[in-house]
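Pasted below: target_27.txt, compact mmCIF, C-alpha atoms and all ligand atoms.
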# COMPACT_ATOMS: atom_id res chain seq x y z
CA MET W 4 -20.91 -22.14 15.98
CA LYS W 5 -17.54 -21.61 14.28
CA ALA W 6 -17.68 -19.62 11.00
CA PRO W 7 -16.47 -21.55 7.93
CA ARG W 8 -13.10 -20.47 6.51
CA ALA W 9 -13.04 -18.78 3.12
CA PRO W 10 -11.19 -20.43 0.24
CA GLU W 11 -7.81 -18.84 -0.46
CA SER W 12 -8.63 -18.60 -4.16
CA ILE W 13 -11.90 -17.96 -5.99
CA LEU W 14 -12.65 -18.17 -9.72
CA THR W 15 -15.24 -15.96 -11.43
CA PRO W 16 -16.01 -16.03 -15.17
CA ARG W 17 -13.02 -13.80 -15.97
CA LEU W 18 -11.05 -13.39 -12.75
CA LEU W 19 -8.97 -15.23 -10.20
CA LEU W 20 -9.10 -13.86 -6.66
CA ARG W 21 -6.41 -15.19 -4.34
CA ARG W 22 -4.86 -14.56 -0.95
CA PRO W 23 -1.77 -12.33 -1.29
CA VAL W 24 1.73 -13.67 -0.60
CA ALA W 25 4.98 -11.84 0.20
CA ALA W 26 6.22 -12.20 -3.40
CA ASP W 27 3.31 -9.98 -4.59
CA ALA W 28 4.78 -6.81 -3.05
CA GLU W 29 6.47 -5.38 -6.17
CA ALA W 30 3.46 -6.03 -8.41
CA ILE W 31 1.00 -4.44 -5.97
CA PHE W 32 3.27 -1.42 -5.54
CA HIS W 33 3.87 -0.83 -9.26
CA ARG W 34 0.41 -1.76 -10.59
CA TYR W 35 -1.76 0.37 -8.30
CA ALA W 36 -0.68 1.09 -4.71
CA SER W 37 1.83 3.81 -5.70
CA ASP W 38 -0.50 5.47 -8.26
CA PRO W 39 -1.97 8.72 -6.83
CA VAL W 40 -4.86 8.68 -9.31
CA VAL W 41 -5.88 5.17 -8.27
CA THR W 42 -5.52 5.83 -4.53
CA ARG W 43 -7.27 9.23 -4.53
CA TYR W 44 -10.48 7.97 -2.87
CA LEU W 45 -8.96 5.17 -0.80
CA SER W 46 -8.75 4.95 2.99
CA TRP W 47 -5.00 4.21 2.97
CA PRO W 48 -2.13 6.54 1.94
CA THR W 49 -0.53 6.10 -1.49
CA HIS W 50 2.44 3.76 -1.05
CA ARG W 51 5.75 5.65 -1.27
CA SER W 52 8.01 2.60 -1.34
CA VAL W 53 7.70 -1.19 -1.51
CA ALA W 54 8.21 -1.18 2.27
CA ASP W 55 4.68 0.29 2.58
CA THR W 56 3.36 -2.57 0.44
CA ARG W 57 5.22 -5.12 2.57
CA ALA W 58 3.57 -3.62 5.66
CA PHE W 59 0.19 -4.11 3.95
CA LEU W 60 1.07 -7.75 3.26
CA THR W 61 1.98 -8.33 6.91
CA TRP W 62 -1.37 -6.83 7.93
CA ALA W 63 -3.13 -8.97 5.31
CA ASP W 64 -1.56 -12.13 6.75
CA ASP W 65 -2.64 -11.11 10.26
CA GLU W 66 -6.20 -10.63 9.00
CA TRP W 67 -6.21 -14.08 7.40
CA ASP W 68 -4.82 -15.61 10.61
CA ARG W 69 -7.37 -13.90 12.81
CA TRP W 70 -10.56 -14.08 10.71
CA PRO W 71 -12.26 -16.47 8.26
CA ALA W 72 -10.95 -14.38 5.30
CA GLY W 73 -9.02 -11.22 4.50
CA PRO W 74 -7.70 -9.32 1.47
CA TYR W 75 -7.59 -10.93 -2.00
CA LEU W 76 -5.62 -9.94 -5.08
CA VAL W 77 -7.42 -9.99 -8.42
CA PHE W 78 -5.89 -11.44 -11.61
CA ALA W 79 -7.28 -11.81 -15.13
CA GLN W 80 -7.71 -15.45 -16.08
CA ARG W 81 -7.37 -14.97 -19.80
CA ALA W 82 -4.83 -12.13 -20.04
CA ARG W 83 -1.95 -12.46 -22.48
CA GLN W 84 0.23 -12.64 -19.38
CA PRO W 85 -1.89 -14.71 -17.00
CA ASP W 86 -0.25 -13.45 -13.85
CA THR W 87 -0.85 -9.76 -14.57
CA LEU W 88 -2.23 -8.25 -11.40
CA LEU W 89 -5.43 -6.24 -11.94
CA GLY W 90 -6.28 -5.12 -8.41
CA GLY W 91 -7.38 -6.03 -4.93
CA THR W 92 -10.53 -6.52 -2.86
CA GLY W 93 -11.57 -8.59 0.16
CA LEU W 94 -13.21 -8.51 3.56
CA ALA W 95 -12.18 -6.70 6.75
CA PHE W 96 -14.11 -8.10 9.70
CA LYS W 97 -15.62 -6.05 12.52
CA SER W 98 -17.04 -9.27 14.00
CA LEU W 99 -17.73 -12.73 12.57
CA THR W 100 -21.07 -11.51 11.21
CA ARG W 101 -20.13 -7.96 10.18
CA ALA W 102 -17.49 -7.03 7.59
CA VAL W 103 -16.39 -4.12 5.42
CA THR W 104 -15.42 -4.47 1.77
CA GLY W 105 -13.65 -2.34 -0.83
CA TYR W 106 -11.81 -2.70 -4.12
CA VAL W 107 -9.01 -1.11 -6.09
CA PHE W 108 -7.96 -1.68 -9.69
CA ALA W 109 -4.98 -0.57 -11.78
CA ARG W 110 -5.91 2.20 -14.22
CA ASP W 111 -5.61 0.01 -17.32
CA ALA W 112 -8.20 -2.37 -15.81
CA TRP W 113 -10.97 0.22 -15.33
CA GLU W 114 -14.25 0.25 -17.21
CA GLN W 115 -14.31 -3.44 -18.09
CA GLY W 116 -16.71 -4.60 -15.39
CA PHE W 117 -13.93 -6.12 -13.26
CA ALA W 118 -14.86 -4.30 -10.04
CA THR W 119 -18.48 -5.41 -10.37
CA GLU W 120 -17.45 -9.01 -11.06
CA ALA W 121 -14.99 -9.08 -8.14
CA LEU W 122 -17.46 -7.46 -5.73
CA ALA W 123 -20.20 -9.93 -6.73
CA ALA W 124 -17.78 -12.75 -5.83
CA ILE W 125 -17.01 -11.13 -2.46
CA VAL W 126 -20.74 -10.78 -1.72
CA GLU W 127 -21.27 -14.47 -2.49
CA LEU W 128 -18.26 -15.41 -0.37
CA ALA W 129 -19.52 -13.28 2.55
CA ARG W 130 -22.90 -15.02 2.37
CA ASN W 131 -21.22 -18.45 2.30
CA ILE W 132 -19.15 -17.76 5.41
CA ARG W 133 -22.22 -16.44 7.24
CA VAL W 134 -21.48 -12.72 7.27
CA GLN W 135 -24.83 -11.05 7.90
CA ARG W 136 -23.99 -7.44 7.23
CA LEU W 137 -21.56 -6.19 4.59
CA GLU W 138 -20.57 -2.51 4.63
CA ALA W 139 -18.74 -0.09 2.32
CA VAL W 140 -17.91 3.59 2.45
CA CYS W 141 -17.69 5.75 -0.67
CA HIS W 142 -16.85 9.43 -1.23
CA VAL W 143 -19.98 11.30 -2.39
CA ASP W 144 -18.24 12.37 -5.64
CA HIS W 145 -17.08 8.86 -6.53
CA LYS W 146 -19.85 8.00 -8.98
CA ALA W 147 -18.20 4.92 -10.50
CA SER W 148 -17.76 3.28 -7.10
CA SER W 149 -21.31 4.13 -5.96
CA HIS W 150 -22.54 2.56 -9.18
CA VAL W 151 -20.51 -0.63 -8.62
CA LEU W 152 -21.94 -0.97 -5.09
CA GLU W 153 -25.52 -0.39 -6.26
CA LYS W 154 -25.11 -2.91 -9.12
CA CYS W 155 -24.13 -5.48 -6.49
CA GLY W 156 -27.20 -4.82 -4.33
CA PHE W 157 -25.82 -2.39 -1.73
CA THR W 158 -28.08 0.44 -0.56
CA ARG W 159 -27.24 3.75 1.07
CA GLU W 160 -27.71 3.35 4.76
CA SER W 161 -29.01 6.76 5.80
CA ALA W 162 -30.30 9.89 4.17
CA HIS W 163 -27.82 12.12 5.96
CA ARG W 164 -24.20 12.00 4.93
CA GLU W 165 -21.38 11.02 7.22
CA HIS W 166 -17.78 12.25 7.20
CA PHE W 167 -14.49 10.47 6.70
CA THR W 168 -10.90 11.69 6.40
CA PHE W 169 -9.29 10.50 3.16
CA PRO W 170 -5.48 10.50 3.55
CA ASN W 171 -4.83 11.28 -0.13
CA LEU W 172 -7.42 14.06 -0.51
CA ALA W 173 -7.34 16.68 2.22
CA PRO W 174 -5.93 15.03 5.34
CA GLN W 175 -7.06 17.90 7.59
CA LYS W 176 -10.59 18.16 6.20
CA PRO W 177 -13.11 15.32 6.49
CA SER W 178 -15.08 14.64 3.30
CA GLU W 179 -18.70 13.61 2.93
CA VAL W 180 -19.23 9.92 2.30
CA PHE W 181 -22.10 7.59 1.58
CA SER W 182 -22.32 4.55 3.85
CA TYR W 183 -23.51 1.51 1.96
CA VAL W 184 -24.82 -1.70 3.45
CA LEU W 185 -25.94 -5.10 2.21
CA ALA W 186 -27.91 -7.39 4.53
CA LEU W 187 -27.13 -11.01 3.65
C1 LIG B 201 -13.94 2.55 -8.81
C2 LIG B 201 -13.34 1.38 -9.56
C3 LIG B 201 -13.10 0.25 -8.61
C4 LIG B 201 -14.33 0.94 -10.64
O1 LIG B 201 -13.78 -0.20 -11.27
P1 LIG B 201 -14.27 -0.70 -12.69
O2 LIG B 201 -13.70 -2.06 -12.90
O3 LIG B 201 -13.98 0.34 -13.70
O4 LIG B 201 -15.85 -0.80 -12.45
P2 LIG B 201 -16.91 -1.53 -13.38
O5 LIG B 201 -16.42 -1.47 -14.80
O6 LIG B 201 -17.25 -2.85 -12.80
O7 LIG B 201 -18.19 -0.61 -13.18
C5 LIG B 201 -18.09 0.79 -13.21
C6 LIG B 201 -19.46 1.36 -13.50
O8 LIG B 201 -19.48 2.75 -13.17
C7 LIG B 201 -19.84 3.47 -14.33
N1 LIG B 201 -19.13 4.75 -14.25
C8 LIG B 201 -17.83 4.99 -14.49
N2 LIG B 201 -17.58 6.30 -14.29
C9 LIG B 201 -18.75 6.86 -13.91
C10 LIG B 201 -19.15 8.19 -13.57
N3 LIG B 201 -18.27 9.18 -13.57
N4 LIG B 201 -20.45 8.41 -13.25
C11 LIG B 201 -21.34 7.39 -13.23
N5 LIG B 201 -21.02 6.11 -13.54
C12 LIG B 201 -19.74 5.87 -13.88
C13 LIG B 201 -19.42 2.61 -15.50
O9 LIG B 201 -20.11 2.96 -16.68
C14 LIG B 201 -19.83 1.24 -14.97
O10 LIG B 201 -21.22 1.06 -15.00
P3 LIG B 201 -21.95 0.15 -16.12
O11 LIG B 201 -21.40 -1.24 -15.98
O12 LIG B 201 -23.39 0.22 -15.73
O13 LIG B 201 -21.62 0.77 -17.44
C15 LIG B 201 -12.00 1.75 -10.26
O14 LIG B 201 -12.18 2.91 -10.99
C16 LIG B 201 -10.87 1.94 -9.27
O15 LIG B 201 -10.17 1.02 -8.91
N6 LIG B 201 -10.66 3.19 -8.83
C17 LIG B 201 -9.60 3.48 -7.91
C18 LIG B 201 -9.80 2.84 -6.54
C19 LIG B 201 -11.12 3.24 -5.91
O16 LIG B 201 -11.50 4.41 -5.96
N7 LIG B 201 -11.80 2.28 -5.29
C20 LIG B 201 -13.10 2.48 -4.67
C21 LIG B 201 -13.00 3.20 -3.41
S1 LIG B 201 -14.64 3.49 -2.69
Spit out the file's structure as structure tokens when you get a sec.
Amino acid sequence: MKAPRAPESILTPRLLLRRPVAADAEAIFHRYASDPVVTRYLSWPTHRSVADTRAFLTWADDEWDRWPAGPYLVFAQRARQPDTLLGGTGLAFKSLTRAVTGYVFARDAWEQGFATEALAAIVELARNIRVQRLEAVCHVDHKASSHVLEKCGFTRESAHREHFTFPNLAPQKPSEVFSYVLAL
């Protein structure tokens, strides 16, 4: 059976999640993708120029073309400037029933519950489009992110830690990570 397609925009109590478009490149670059503090624990290198962000947007479009969903950008619904970009999240599919999620927010958007609210929306979306297993990887020192995942129902998959190379930490030295999973 064909998996249902995800909506290209989703409303939560405070947020709007929507599929990125080419015109978002500058905002993504300046709000968070070029910030080394924000990208410290991410799986992709800090963007050095808007060309890197445009490459991400091309990849995002390919994901949306190939799978039932892909990356979303996150905006505040009731901000003084309604189109202020807060961050990004989404689904990266390994198969139609298995996907990986993650999230990133601009520094001035931290500690307001936005990551938890956005991730809860992604979990609901994943369930609606019949994903059965949602995964996330988190550096063992990244307490805030572990907490967000656990608040949204994810559990650590195994007692022993796995390793992952973070491009913005120590590219030559794999770091310990927790693998999180949510069965839907
Ligand atoms: C990690 C990140 C997404 C969290 O976003 P956020 O919007 O601040 O998260 P929320 O406000 O929804 O929730 C954070 C929770 O962690 C808690 N927290 C924050 N720092 C913490 C710490 N050092 N130790 C333990 N808990 C911590 C907060 O108190 C909050 O929990 P609470 O709601 O029970 O009080 C944000 O900091 C970010 O974008 N960081 C950069 C990108 C990134 O690292 N992404 C994740 C990669 S795995």
Site check for ligand LIG 201 (chain B): residues at most 8 Å away, only C-alpha atoms and all ligand atoms, as number ranges by chain = W: 40-46, 90, 105-110, 112-120, 139-142, 145-151, 154
Fewer than 6 positions away in the same chain doesn't count, so skip those; otherwise give me all residues within 10 Å of stretch 12-29 of chain W, counting all atoms listed in the file, as a PyMOL selection string.
-> chain W and resi 36+52-61+63-64+67+72-82+85-86+88-93+116-117+120-121+123-125+128
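Pairwise distance (atom CA of W:Glu127, atom CA of W:Tyr35) equals 25.2 Å.
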For atom CA of W:Thr49 and atom CA of W:Ala173, the interatomic separation in Å (one decimal) =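 Taking atom CA of W:Thr49 as the start and atom CA of W:Ala173 as the end point, the length is 13.1 Å.
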Select, from W:Trp70, W:Trp62, W:Tyr183, W:Phe167, the residue with the minimum atom-to-atom distance to W:Leu152, counting all atoms listed in the file.
-> W:Tyr183
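For the atom pair formed by atom CA of W:Leu137 and atom CA of W:Leu185, the distance is 5.1 Å, given to one decimal.
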Return the single residue from W:Arg8, W:Pro170, W:Phe157, W:Arg133 that is closest to W:His50, with distances computed using all atoms listed in the file.
->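 Using all atoms listed in the file, W:His50 sits closest to W:Pro170.
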Top pick for closest residue to W:Thr87, considering W:Lys5, W:His33, W:Arg159, W:His166 and counting only C-alpha atoms = W:His33
Option closest in space to W:Cys155, from W:Glu179, W:Ala6, W:Ala186, W:Glu11 [counting only C-alpha atoms] = W:Ala186
Can you write stretch 93-105 of chain W from the block above with N, CA and C atoms, as a PDB file, in the first residue's frame?
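Output file out.pdb is given in full below:
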ATOM      1  N   GLY W  93      12.269  17.718  10.888  1.00  0.00           N
ATOM      2  CA  GLY W  93      11.785  16.941   9.743  1.00  0.00           C
ATOM      3  C   GLY W  93      12.055  15.460   9.867  1.00  0.00           C
ATOM      4  N   LEU W  94      11.886  14.780   8.745  1.00  0.00           N
ATOM      5  CA  LEU W  94      12.083  13.335   8.679  1.00  0.00           C
ATOM      6  C   LEU W  94      13.048  13.018   7.544  1.00  0.00           C
ATOM      7  N   ALA W  95      13.993  12.119   7.814  1.00  0.00           N
ATOM      8  CA  ALA W  95      14.853  11.559   6.758  1.00  0.00           C
ATOM      9  C   ALA W  95      14.562  10.057   6.732  1.00  0.00           C
ATOM     10  N   PHE W  96      14.085   9.566   5.612  1.00  0.00           N
ATOM     11  CA  PHE W  96      13.599   8.184   5.533  1.00  0.00           C
ATOM     12  C   PHE W  96      14.720   7.204   5.215  1.00  0.00           C
ATOM     13  N   LYS W  97      14.711   6.078   5.954  1.00  0.00           N
ATOM     14  CA  LYS W  97      15.589   4.944   5.591  1.00  0.00           C
ATOM     15  C   LYS W  97      14.791   3.966   4.743  1.00  0.00           C
ATOM     16  N   SER W  98      13.484   3.905   4.998  1.00  0.00           N
ATOM     17  CA  SER W  98      12.530   3.133   4.199  1.00  0.00           C
ATOM     18  C   SER W  98      11.183   3.795   4.480  1.00  0.00           C
ATOM     19  N   LEU W  99      10.111   3.314   3.868  1.00  0.00           N
ATOM     20  CA  LEU W  99       8.814   3.969   4.100  1.00  0.00           C
ATOM     21  C   LEU W  99       8.341   3.828   5.540  1.00  0.00           C
ATOM     22  N   THR W 100       8.867   2.843   6.260  1.00  0.00           N
ATOM     23  CA  THR W 100       8.400   2.625   7.638  1.00  0.00           C
ATOM     24  C   THR W 100       9.452   2.988   8.683  1.00  0.00           C
ATOM     25  N   ARG W 101      10.599   3.482   8.248  1.00  0.00           N
ATOM     26  CA  ARG W 101      11.691   3.761   9.182  1.00  0.00           C
ATOM     27  C   ARG W 101      12.325   5.109   8.829  1.00  0.00           C
ATOM     28  N   ALA W 102      12.332   6.035   9.796  1.00  0.00           N
ATOM     29  CA  ALA W 102      12.858   7.376   9.511  1.00  0.00           C
ATOM     30  C   ALA W 102      13.667   7.894  10.698  1.00  0.00           C
ATOM     31  N   VAL W 103      14.531   8.856  10.396  1.00  0.00           N
ATOM     32  CA  VAL W 103      15.360   9.505  11.412  1.00  0.00           C
ATOM     33  C   VAL W 103      14.890  10.941  11.538  1.00  0.00           C
ATOM     34  N   THR W 104      14.876  11.456  12.772  1.00  0.00           N
ATOM     35  CA  THR W 104      14.515  12.865  12.953  1.00  0.00           C
ATOM     36  C   THR W 104      15.625  13.609  13.689  1.00  0.00           C
ATOM     37  N   GLY W 105      15.510  14.939  13.682  1.00  0.00           N
ATOM     38  CA  GLY W 105      16.452  15.811  14.368  1.00  0.00           C
ATOM     39  C   GLY W 105      15.850  17.202  14.402  1.00  0.00           C
TER      40      GLY W 105
END
